[in-house]
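I have placed the structure first, in the form of structure tokens, so that the comments after it can refer back to it.
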Amino acid sequence: MKKLIVIIILSCQFCIAQGSLTTGNFEPALIAPTIQAIETTETITIDGKLSEKVWENAPLTNDFFRTEPRQGGEVSFKTEVKVIYDDKNLYFGVFCEDSLGKKGVRVQDLRRDFLFGQNDIFYLQLDPQNLKRFCVSFQTTPYGNQRDLQSFDDTFIDSDWDALWKVRTSIVENGYFAEFAIPFKSLRYDKRTENSSWGVTFARLARREYELSVYPAIPQTFSPYRMTYAAELRGLKLPKPSLNLRVNPYILYQNNRNIDSEGNLSTLQSPKLGGEIKWAINPHSVLDLTFNTDFAQADVDRAINNTTRFNVLFPEKRQFFLENSGIYAGAGVNGLNPFFSRTIGLANSQFNAPPVPIDVGLRFTDRTQERSIAGLYVRQRATEAQGAANFGVFRYLKNYGKQNNIGVMLTNKYDEQNIEKGLSAHNNTTLTLDGLMRPNDSWTISYLLSASIDSSFDKMGMAGNLSVKYAPQNAYMGWITKFVDKKYIPGMGFVFANNTIHHSPGGYFIWRPKGKLGKLIRRWDPGVFVNYYQNASDFKLQEANFYIFPIYIITSSNGQLEYALYPTWQAYNFQFNILGQTIPIGKYNFWRQLFRYETDASKKVSLEAKYEFGGYFNGQLNTFTSSGRFAPIPHIAISASYEHSNFKDFGIENANFSTDLYSLGLRIAPNPRIQLSSFYQYNSFDRQGRINIRGSWEFAPLSFLYLVFNENSYQESPIQNQSFTSKVSYLRQF
């Protein structure tokens with residue numbers, strides 16, 4: 001009788017769902033679909049061929065749901081997935097059908113953590129603790145390059161998280177195979193019954209037609225990381241969680257050669273030993289230790305010419321600070337971050353500033369379905385220019401309801417006293433309250449309130465953010481307000497500006513044309529956003545502008561065409577500098593316009609061009625930007641970009657000048673594990689040229705040999721900084 005009732009419920013649910021899946025944001029299934037994993041004792045060779053007999057007997061999942069270019073309807077590119085496991089690994093066997101075989105494949109390069117949207121990819125998401133708010137994603141292309149990430153509430157994505165796993169692929173006449181091996185040691189889970197179940201979703205982007213299909217069905221508005229829609233992966237007999245210890249030591253040799261402004265040469269050769277240890281204490285607690293830390297292999301910052309009055313945030317690229325960064329308050333807020341890890345060991349305002357050595361770092365993360373606790377401590381070494389510094393962060397986040405949370409975060413930076421160098425002790429503390437509310441899947445409300453106390457000031461500083469977003473399937477509407485007062489100084493954070501309140505309401509309509517026009521245009525998103533800035537001290541207007549975009553077209557090949565208007569009103573009662581020019585106190589009214597066009601980024605040749613022109617503060621600014629990439633085969637990619645800005649009657653001196661920024665890049669990869677990348681930049685504003693050449697060989701999973709060369713030089717000046725680094729890191733998991 002019970003079975004009959006279940007069958008009736010499922011049948012009714014299926015009939016109702018089929019009538020609503022093609023339109024709107026439908027709710028998750030009342031009873032999640034299931035995927036059965038089968039156990040094997042057969043030796044599995046990860047070669048991308050699925051030749052072992054056990055794959056023939058594994059249950060097949062192929063009922064994918066189309067979300068792009070139109071929600072619902074028949075899937076053109078069929079996908080099949082099978083799941084097996086043994087006592088060490090969880091295996092996924094995938095076949096992605098494509099009638100053109102290799103001719104239909106779109107892959108731009110073979111780098112790890114490739115860009116989404118430019119390649120054919122298959123990706124799977126796992127929620128081993130059934131939190132329904134967090135997942136880890138494992139992704140690959142038909143050529144087998146890897147991308148992995150963490151997603152928090154389908155809101156913040158940490159695409160720089162790296163796990164220990166393996167994938168191999170093979171391209172055949174009618175598609176491609178992918179074979180994943182994910183060690184249980186690389187996943188955090190609770191040991192429950194023999195038939196434990198995990199949350200899982202699958203997704204595939206067939207880039208040639210930009211068809212995105214998912215399993216199980218998820219509305220077009222959301223990503224496959226929305227784990228409230230996940231299926232249940234059943235049948236797992238999980239191995240007992242073991243020691244789960246990862247040791248990653250490194251040895252490094254660096255040669256620095258510097259010439260100062262007077263032509264004096266200095267050289268320094270230095271060997272170095274250090275490493276990291278990661279201990280999964282239990283399925284939800286992880287302790288990380290880093291000592292004598294070095295990030296010489298990290299990608300360097302690109303030069304920019306900041307033509308705004310706001311601070312520029314350069315992204316974090318160091319692996320130790322990237323993992324689990326989404327847990328900290330302000331991680332998803334643009335321009336207001338009470339904790340930003342780049343303040344540790346780097347000067348965020350100077351992209352080419354030399355790093356400050358880190359002696360030791362310790363990080364603890366404990367995440368359960370009810371709450372998350374995180375802590376971080378880093379000691380930064382003293383240098384000739386500054387004393388030693390101690391950085392500490394504590395975070396507590398409480399989950400409640402289906403998709404709500406509230407949290408508190410405390411940060412403290414203590415600069416030690418150094419009497420010999422005349423440096424006094426300095427202390428900075430911030431306390432932050434924040435939270436997220438999601439009444440349903442279409443509404444997202446987030447808030448943040450932060451206070452700072454700095455020993456340099458006698459008063460407390462305040463900052464905050466409120467964001468309300470509504471995302472039905474055919475539109476987006478939102479309101480964001482953030483404020484930062486004069487005294488708010490987050491010693492371990494980043495703010496876009498002090499003494500400023502920024503309001504940004506707006507939205508856009510999503511029109512998906514059908515018929516013949518629908519074959520050319522996937523989306524047309526006309527809309528408007530308002531940016532209103534005022535002083536936090538007296539609420540007087542700083543600037544108000546409208547971003548009006550009547551033309552914002554996404555083509556069927558995912559190219560883009562945009563035309564936008566920016567009517568602007570300004571009334572500044574303070575001076576500031578832009579590219580060395582002082583903007584005087586006064587009122588300015590002007591219009592700016594923008595034309596932008598991007599071709600299909602998945603093709604062998606792709607181009608982008610943008611032209612902005614019109615008034616700018618008290619003068620004129622016309623900027624032309626173009627970029628292109630030539631990737632004849634996935635093993636070779638050549639890129640170039642050019643930015644020209646022409647200022648007229650600009651600043652207090654009514655200056656006329658222009659800046660040019662040239663960039664050229666080359667990437668060569670015989671396979672996804674051997675990479676050579678290089679780029680050159682020249683900026684006419686500061687007459688500085690930059691060269692970066694980086695070679696890497698992943699000789700074992702997450703074990704690398706790096707060879708890195710960097711050079712900074714200045715035209716008409718003898719100043720030159722060169723460094724060559726060789727580094728070997730080896731990862732062993734116990």
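Following the order of the structure tokens, first chain is A, next is B, and so on, with residues numbered from 1 inside each chain and ligands from 1 in the order they appear.
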
* To do: Please provide the set of residues having any atom within 9 Å of His503 (chain A), restricted to only C-alpha atoms, with same-chain residues fewer than 6 positions apart removed, written as a PyMOL selection string.
  => chain A and resi 479-483+530-534

* Contacts of Leu702 (chain A) at 12 Å or less, counting only C-alpha atoms, minus same-chain residues fewer than 3 places along, as a list of chain:residue names? -> A:Arg112, A:Gln146, A:Trp161, A:Asp162, A:Ala163, A:Leu164, A:Trp165, A:Lys166, A:Arg246, A:Val247, A:Asn248, A:Pro249, A:Gln319, A:Arg673, A:Ser696, A:Trp697, A:Glu698, A:Phe699, A:Leu705, A:Val728, A:Ser729, A:Tyr730, A:Leu731, A:Arg732, A:Gln733

* Which value, in Å to one decimal, gives the distance between CA of Ser270 (chain A) and CA of Asn256 (chain A)? -> 8.6 Å

* By how many Å are CA of Lys132 (chain A) and CA of Pro33 (chain A) apart? ->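 About the pair CA of Lys132 (chain A) and CA of Pro33 (chain A): they are 14.7 Å apart.
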
* Enter the distance from CA of Asn405 (chain A) to CA of Ser450 (chain A), in Å, rounded to one decimal. =>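 Those two atoms sit 16.7 Å apart.
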
* **Non-local contacts of region 70-82 of chain A (7 Å; only C-alpha atoms; under 4 positions in same chain excluded) as a list in words** =>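 The residues satisfying every condition are Leu21, Thr22, Thr23, Ala58, Pro59, Leu60, Thr61, Asn62, Phe65, Arg66, Phe92, Gly93, Val94, Phe95, Cys96, Glu97, Asp98, Ala206 and Gln220 of chain A.
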